[in-house]
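For reference, the structure discussed in these notes is given below.
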Amino acid sequence: MLRAMRNDRLLVALAVLAGIVLIVIAIVYWVEPARSLPGFFPGHEAGSGHHHAKHGIAAFVIGLGCFVFAWFRTGPKRPMTTAP
Amino acid sequence: MILAALISYPRAIVLGLLQGVSELFPVSSLGHSVILPRLLGWNIHQNDKYFVTFLVATHLATAIVLFIFFWRDWVRILKGLGRSLRDRGIDPADSDAKLGWLLVVGTIPAGLLGLLLEQKLRSAFASAQSAAIFLTLNGLLLYAAELLRRRAPLADEDDDARIARRLTWRAAVGIGTVQAIALIPGFSRSGATMGGGLVAGLSNKNAARFAFLLATPIIGAAAILKLPELFGHAGDGVRGQALIGALCSAGTAFLAVRFLMRFFETRTLTPFAIYCFSAGLACTIWFAVS
């Protein structure tokens, strides 16, 4: 029981962390042109001034999904359907 | 002037009328908008900027019509989503909340795949020949969905409650993911989602209802993302035609969704499967010999 609660908290912490990281990544995609993106980012292209807005939206949506997951997971325990 | 000549007003009307119908009928709007100009000898290529701009307007019109058609349902669904967020859980009796999250869960994979793959798939399968081949395959997919369907038991409850009860989260993700197949011209988004709904155990009517609800945010978001192109440089010379096309598209989309919601009360995807297979095959042969 205690272990399950600890695992649940760990999962929530990871989801919040992933959410923050993904939203930061989204902002980087929106602000920086392709040439200024870190080399390990998908879409990095030397000399390109193109902004990968769509990559940013994708990262933002997944980040938001992580926050929603954490929000449901930390809700009061009631006989409700499992969160998505 | 050259742009106006490529999409003249009569052509804009034809393409708009076609878009409104084919976006919601499970027959691939993108496939038809690639094949028809080629059959009629129009010098329109689906990756041309002005054509993409034109399609943005017609897609936006379709999404607005869908939103208006299901307006009351969307209000209920959004309220349900709000309730579940407030309560931090989904009440099993709250079918609006469950349906809302099923739509969210189904939209995310399709949206992500669309964002990341749309350009590449469009470029790879831009020709009318490939669209005709995929239209044939779309017919086979629709027929396969009817064969593989799990019969939905009749229950005395409303449509949304039935959808919420029958669909699992995994099924919603699956249906959302197969939606992305429509990025390939020739495959139908509504066909894929309706087929997915049937395989997951929905009736034809409920599968169509879920497909239209699922299509609204995706079509709308895709159009809104590209709206700057319509009002930017790419829209020069095509805005008037786009407006006319959008109005035509809105009219036929409204008639199409009204017709289909009644049609699927008693009928199946089979007539559309036959149409896609035969039209796709005929066009494939025609393009090969001409």
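In the structure tokens, the first chain shown is A, the next is B, and so on; residue numbers restart at 1 for each chain, and ligands run from 1 in the order shown.
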In segment 4-84 of chain A, DSSP alpha helix (DSSP H) residues written as a ChimeraX atom specification | /A:4-31,53-73
Which residues, written as a ChimeraX atom specification, have at least one atom at most 12 Å from segment 273-275 of chain B, with only C-alpha atoms counted and residues fewer than 6 positions away on the same chain left out?
-> /B:25-28,135-147,187-188,191-192,195,281-283
Using only C-alpha atoms, which residues sit within 12 Å of segment 60-66 of chain A once same-chain residues fewer than 4 positions away are excluded, as a count of residues only?
-> 39
Pull out every residue of chain B sitting within 6 Å of chain A, counting only C-alpha atoms, and send them as a short mmCIF file (atom, residue, chain, number, x, y, z; two decimals) with all heavy atoms, in the first residue's frame.
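Writing done, so here's selection_39.cif:
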```
data_model
loop_
_atom_site.label_atom_id
_atom_site.label_comp_id
_atom_site.auth_asym_id
_atom_site.auth_seq_id
_atom_site.Cartn_x
_atom_site.Cartn_y
_atom_site.Cartn_z
N ARG B 88 -11.38 16.33 -10.49
CA ARG B 88 -10.14 15.56 -10.66
C ARG B 88 -10.42 14.08 -10.87
O ARG B 88 -9.73 13.21 -10.33
CB ARG B 88 -9.21 15.76 -9.48
CG ARG B 88 -8.71 17.17 -9.39
CD ARG B 88 -7.88 17.35 -8.16
NE ARG B 88 -6.71 18.15 -8.44
CZ ARG B 88 -5.72 18.33 -7.59
NH1 ARG B 88 -5.72 17.74 -6.43
NH2 ARG B 88 -4.72 19.09 -7.90
N GLY B 89 -11.45 13.79 -11.63
CA GLY B 89 -11.80 12.41 -11.94
C GLY B 89 -13.04 12.40 -12.81
O GLY B 89 -13.73 13.43 -12.92
N ILE B 90 -13.31 11.25 -13.41
CA ILE B 90 -14.47 11.16 -14.29
C ILE B 90 -15.53 10.29 -13.63
O ILE B 90 -15.31 9.09 -13.41
CB ILE B 90 -14.08 10.59 -15.66
CG1 ILE B 90 -12.99 11.46 -16.29
CG2 ILE B 90 -15.29 10.52 -16.60
CD1 ILE B 90 -12.30 10.84 -17.47
N ASP B 91 -16.64 10.89 -13.31
CA ASP B 91 -17.76 10.16 -12.73
C ASP B 91 -18.27 9.15 -13.76
O ASP B 91 -18.56 9.53 -14.89
CB ASP B 91 -18.86 11.17 -12.37
CG ASP B 91 -19.95 10.53 -11.55
OD1 ASP B 91 -20.23 9.33 -11.76
OD2 ASP B 91 -20.53 11.22 -10.69
N PRO B 92 -18.37 7.87 -13.39
CA PRO B 92 -18.85 6.87 -14.36
C PRO B 92 -20.21 7.21 -14.97
O PRO B 92 -20.51 6.80 -16.09
CB PRO B 92 -18.94 5.58 -13.54
CG PRO B 92 -18.04 5.79 -12.38
CD PRO B 92 -18.06 7.26 -12.09
N LEU B 112 -0.64 15.20 -33.39
CA LEU B 112 0.83 15.14 -33.38
C LEU B 112 1.36 14.58 -34.69
O LEU B 112 2.29 15.13 -35.28
CB LEU B 112 1.31 14.26 -32.21
CG LEU B 112 1.08 14.83 -30.81
CD1 LEU B 112 1.56 13.85 -29.76
CD2 LEU B 112 1.78 16.18 -30.64
N LEU B 115 0.96 17.19 -37.37
CA LEU B 115 1.95 18.27 -37.26
C LEU B 115 3.31 17.84 -37.80
O LEU B 115 4.00 18.60 -38.47
CB LEU B 115 2.11 18.69 -35.79
CG LEU B 115 1.03 19.58 -35.19
CD1 LEU B 115 1.20 19.70 -33.69
CD2 LEU B 115 1.07 20.97 -35.83
#
```
What gap, in Å, lies between atom CA of Pro217 of chain B and atom CA of Phe254 of chain B?
-> 16.6 Å
Residues at most 7 Å from segment 44-47 of chain A, counting only C-alpha atoms, excluding those fewer than 5 positions away in the same chain, as a PDB file with N, CA, C and O atoms, in the first residue's frame?
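Below is the file result-v7.pdb, written as the result:
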```pdb
ATOM      1  N   ALA A  34      15.775  27.575 -36.640  1.00  0.00           N
ATOM      2  CA  ALA A  34      16.332  26.205 -36.723  1.00  0.00           C
ATOM      3  C   ALA A  34      17.842  26.180 -36.529  1.00  0.00           C
ATOM      4  O   ALA A  34      18.377  25.235 -35.951  1.00  0.00           O
ATOM      5  N   ARG A  35      18.540  27.242 -36.969  1.00  0.00           N
ATOM      6  CA  ARG A  35      20.011  27.227 -36.857  1.00  0.00           C
ATOM      7  C   ARG A  35      20.479  27.370 -35.403  1.00  0.00           C
ATOM      8  O   ARG A  35      21.563  26.913 -35.060  1.00  0.00           O
ATOM      9  N   LEU A  37      18.805  26.160 -32.728  1.00  0.00           N
ATOM     10  CA  LEU A  37      18.320  25.086 -31.850  1.00  0.00           C
ATOM     11  C   LEU A  37      19.501  24.206 -31.429  1.00  0.00           C
ATOM     12  O   LEU A  37      20.448  24.045 -32.205  1.00  0.00           O
ATOM     13  N   PRO A  38      19.461  23.642 -30.215  1.00  0.00           N
ATOM     14  CA  PRO A  38      20.524  22.706 -29.830  1.00  0.00           C
ATOM     15  C   PRO A  38      20.625  21.571 -30.850  1.00  0.00           C
ATOM     16  O   PRO A  38      19.609  21.159 -31.426  1.00  0.00           O
ATOM     17  N   GLY A  39      21.838  21.087 -31.065  1.00  0.00           N
ATOM     18  CA  GLY A  39      22.079  20.086 -32.109  1.00  0.00           C
ATOM     19  C   GLY A  39      21.253  18.815 -31.971  1.00  0.00           C
ATOM     20  O   GLY A  39      20.924  18.181 -32.961  1.00  0.00           O
TER      21      GLY A  39
END
```
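By chain and then residue number, the residues within 10 Å of Ala131 of chain B are Ser28, Leu30, Gly31, His32, Ser33, Val34, Ile35, Phe125, Ala126, Ser127, Ala128, Phe134, Leu135, Thr136, Leu137, Ile184, Pro185, Gly186, Phe187, Gly280, Cys283 and Thr284 of chain B, counting only C-alpha atoms and disregarding those fewer than 3 positions away in sequence.
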Export, as a short mmCIF file (atom, residue, chain, number, x, y, z; two decimals), in the first residue's frame, the selected residues with all heavy atoms.
```
data_model
loop_
_atom_site.label_atom_id
_atom_site.label_comp_id
_atom_site.auth_asym_id
_atom_site.auth_seq_id
_atom_site.Cartn_x
_atom_site.Cartn_y
_atom_site.Cartn_z
N SER B 28 -12.48 10.41 -48.90
CA SER B 28 -11.22 11.18 -49.04
C SER B 28 -11.39 12.46 -49.84
O SER B 28 -11.39 12.45 -51.08
CB SER B 28 -10.11 10.34 -49.67
OG SER B 28 -8.97 11.14 -49.85
N LEU B 30 -9.16 14.93 -49.82
CA LEU B 30 -7.86 15.28 -50.40
C LEU B 30 -7.64 14.49 -51.69
O LEU B 30 -7.20 15.03 -52.70
CB LEU B 30 -6.76 14.98 -49.38
CG LEU B 30 -5.43 15.69 -49.57
CD1 LEU B 30 -5.60 17.19 -49.66
CD2 LEU B 30 -4.50 15.35 -48.41
N GLY B 31 -8.01 13.20 -51.64
CA GLY B 31 -7.89 12.36 -52.83
C GLY B 31 -8.71 12.92 -53.98
O GLY B 31 -8.22 13.03 -55.11
N HIS B 32 -9.94 13.32 -53.68
CA HIS B 32 -10.80 13.85 -54.73
C HIS B 32 -10.28 15.19 -55.26
O HIS B 32 -10.39 15.47 -56.45
CB HIS B 32 -12.24 14.00 -54.22
CG HIS B 32 -13.01 12.71 -54.27
ND1 HIS B 32 -12.78 11.69 -53.38
CD2 HIS B 32 -13.96 12.25 -55.12
CE1 HIS B 32 -13.58 10.67 -53.67
NE2 HIS B 32 -14.30 10.99 -54.72
N SER B 33 -9.74 16.01 -54.35
CA SER B 33 -9.26 17.32 -54.81
C SER B 33 -7.95 17.18 -55.59
O SER B 33 -7.51 18.13 -56.23
CB SER B 33 -9.09 18.29 -53.64
OG SER B 33 -8.13 17.79 -52.74
N VAL B 34 -7.33 16.01 -55.55
CA VAL B 34 -6.14 15.76 -56.38
C VAL B 34 -6.57 15.11 -57.70
O VAL B 34 -6.09 15.47 -58.77
CB VAL B 34 -5.16 14.81 -55.63
CG1 VAL B 34 -4.02 14.39 -56.54
CG2 VAL B 34 -4.61 15.50 -54.40
N ILE B 35 -7.51 14.17 -57.61
CA ILE B 35 -7.90 13.39 -58.79
C ILE B 35 -8.76 14.21 -59.77
O ILE B 35 -8.53 14.21 -60.98
CB ILE B 35 -8.64 12.10 -58.37
CG1 ILE B 35 -7.68 11.15 -57.65
CG2 ILE B 35 -9.28 11.40 -59.56
CD1 ILE B 35 -8.36 9.96 -56.97
N PHE B 125 3.28 11.66 -51.68
CA PHE B 125 2.15 11.08 -52.41
C PHE B 125 1.31 12.18 -53.07
O PHE B 125 0.10 12.22 -52.91
CB PHE B 125 1.28 10.25 -51.46
CG PHE B 125 2.03 9.17 -50.76
CD1 PHE B 125 2.31 9.27 -49.41
CD2 PHE B 125 2.46 8.05 -51.44
CE1 PHE B 125 3.01 8.27 -48.74
CE2 PHE B 125 3.17 7.03 -50.79
CZ PHE B 125 3.45 7.15 -49.43
N ALA B 126 1.99 13.05 -53.80
CA ALA B 126 1.28 14.21 -54.34
C ALA B 126 0.54 13.92 -55.64
O ALA B 126 -0.33 14.68 -56.04
CB ALA B 126 2.29 15.34 -54.57
N SER B 127 0.87 12.82 -56.33
CA SER B 127 0.33 12.63 -57.67
C SER B 127 -1.09 12.07 -57.65
O SER B 127 -1.52 11.42 -56.69
CB SER B 127 1.24 11.67 -58.46
OG SER B 127 1.11 10.38 -57.93
N ALA B 128 -1.80 12.35 -58.75
CA ALA B 128 -3.17 11.84 -58.90
C ALA B 128 -3.16 10.32 -59.00
O ALA B 128 -4.09 9.65 -58.53
CB ALA B 128 -3.81 12.46 -60.12
N PHE B 134 -4.63 4.82 -53.69
CA PHE B 134 -5.01 4.84 -52.27
C PHE B 134 -6.53 4.92 -52.09
O PHE B 134 -7.05 4.43 -51.10
CB PHE B 134 -4.32 5.99 -51.54
CG PHE B 134 -2.84 5.78 -51.38
CD1 PHE B 134 -1.93 6.75 -51.75
CD2 PHE B 134 -2.35 4.58 -50.87
CE1 PHE B 134 -0.56 6.53 -51.61
CE2 PHE B 134 -0.99 4.36 -50.73
CZ PHE B 134 -0.09 5.34 -51.10
N LEU B 135 -7.21 5.53 -53.07
CA LEU B 135 -8.68 5.56 -53.00
C LEU B 135 -9.23 4.14 -53.12
O LEU B 135 -10.18 3.76 -52.41
CB LEU B 135 -9.24 6.46 -54.11
CG LEU B 135 -10.73 6.74 -54.05
CD1 LEU B 135 -11.10 7.51 -52.79
CD2 LEU B 135 -11.20 7.53 -55.28
N THR B 136 -8.60 3.35 -54.00
CA THR B 136 -8.99 1.94 -54.14
C THR B 136 -8.79 1.20 -52.81
O THR B 136 -9.67 0.46 -52.34
CB THR B 136 -8.13 1.25 -55.23
OG1 THR B 136 -8.10 2.10 -56.37
CG2 THR B 136 -8.68 -0.10 -55.61
N LEU B 137 -7.62 1.45 -52.20
CA LEU B 137 -7.33 0.80 -50.91
C LEU B 137 -8.29 1.28 -49.82
O LEU B 137 -8.67 0.52 -48.93
CB LEU B 137 -5.88 1.08 -50.50
CG LEU B 137 -4.80 0.47 -51.40
CD1 LEU B 137 -3.41 0.86 -50.91
CD2 LEU B 137 -4.92 -1.05 -51.44
N ILE B 184 -2.51 10.92 -46.18
CA ILE B 184 -2.17 10.41 -47.51
C ILE B 184 -3.38 10.63 -48.42
O ILE B 184 -4.46 10.09 -48.14
CB ILE B 184 -1.81 8.90 -47.46
CG1 ILE B 184 -0.62 8.69 -46.52
CG2 ILE B 184 -1.51 8.37 -48.84
CD1 ILE B 184 -0.32 7.23 -46.24
N PRO B 185 -3.25 11.41 -49.49
CA PRO B 185 -4.40 11.65 -50.37
C PRO B 185 -4.95 10.34 -50.92
O PRO B 185 -4.20 9.54 -51.48
CB PRO B 185 -3.81 12.51 -51.50
CG PRO B 185 -2.59 13.12 -50.92
CD PRO B 185 -2.04 12.14 -49.94
N GLY B 186 -6.22 10.11 -50.73
CA GLY B 186 -6.87 8.87 -51.19
C GLY B 186 -7.50 8.14 -50.01
O GLY B 186 -8.50 7.46 -50.18
N PHE B 187 -6.88 8.27 -48.85
CA PHE B 187 -7.47 7.67 -47.65
C PHE B 187 -8.35 8.70 -46.97
O PHE B 187 -8.03 9.89 -46.94
CB PHE B 187 -6.38 7.20 -46.67
CG PHE B 187 -5.72 5.92 -47.09
CD1 PHE B 187 -4.40 5.90 -47.49
CD2 PHE B 187 -6.42 4.73 -47.08
CE1 PHE B 187 -3.79 4.72 -47.88
CE2 PHE B 187 -5.82 3.54 -47.47
CZ PHE B 187 -4.50 3.54 -47.88
N GLY B 280 -11.66 4.45 -57.62
CA GLY B 280 -10.20 4.44 -57.52
C GLY B 280 -9.57 3.56 -58.58
O GLY B 280 -8.59 3.94 -59.23
N CYS B 283 -9.94 5.17 -62.07
CA CYS B 283 -9.00 6.29 -62.24
C CYS B 283 -7.57 5.78 -62.39
O CYS B 283 -6.79 6.31 -63.18
CB CYS B 283 -9.08 7.26 -61.06
SG CYS B 283 -10.61 8.18 -61.03
N THR B 284 -7.23 4.73 -61.62
CA THR B 284 -5.87 4.16 -61.71
C THR B 284 -5.62 3.68 -63.14
O THR B 284 -4.57 3.97 -63.74
CB THR B 284 -5.72 2.98 -60.72
OG1 THR B 284 -6.05 3.44 -59.42
CG2 THR B 284 -4.31 2.44 -60.72
#
```
Kindly give the distance, in Å, that separates atom CA of Gly20 of chain B and atom CA of Ala253 of chain B, rounded to a single decimal.
->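 Distance between the two atoms: 4.1 Å.
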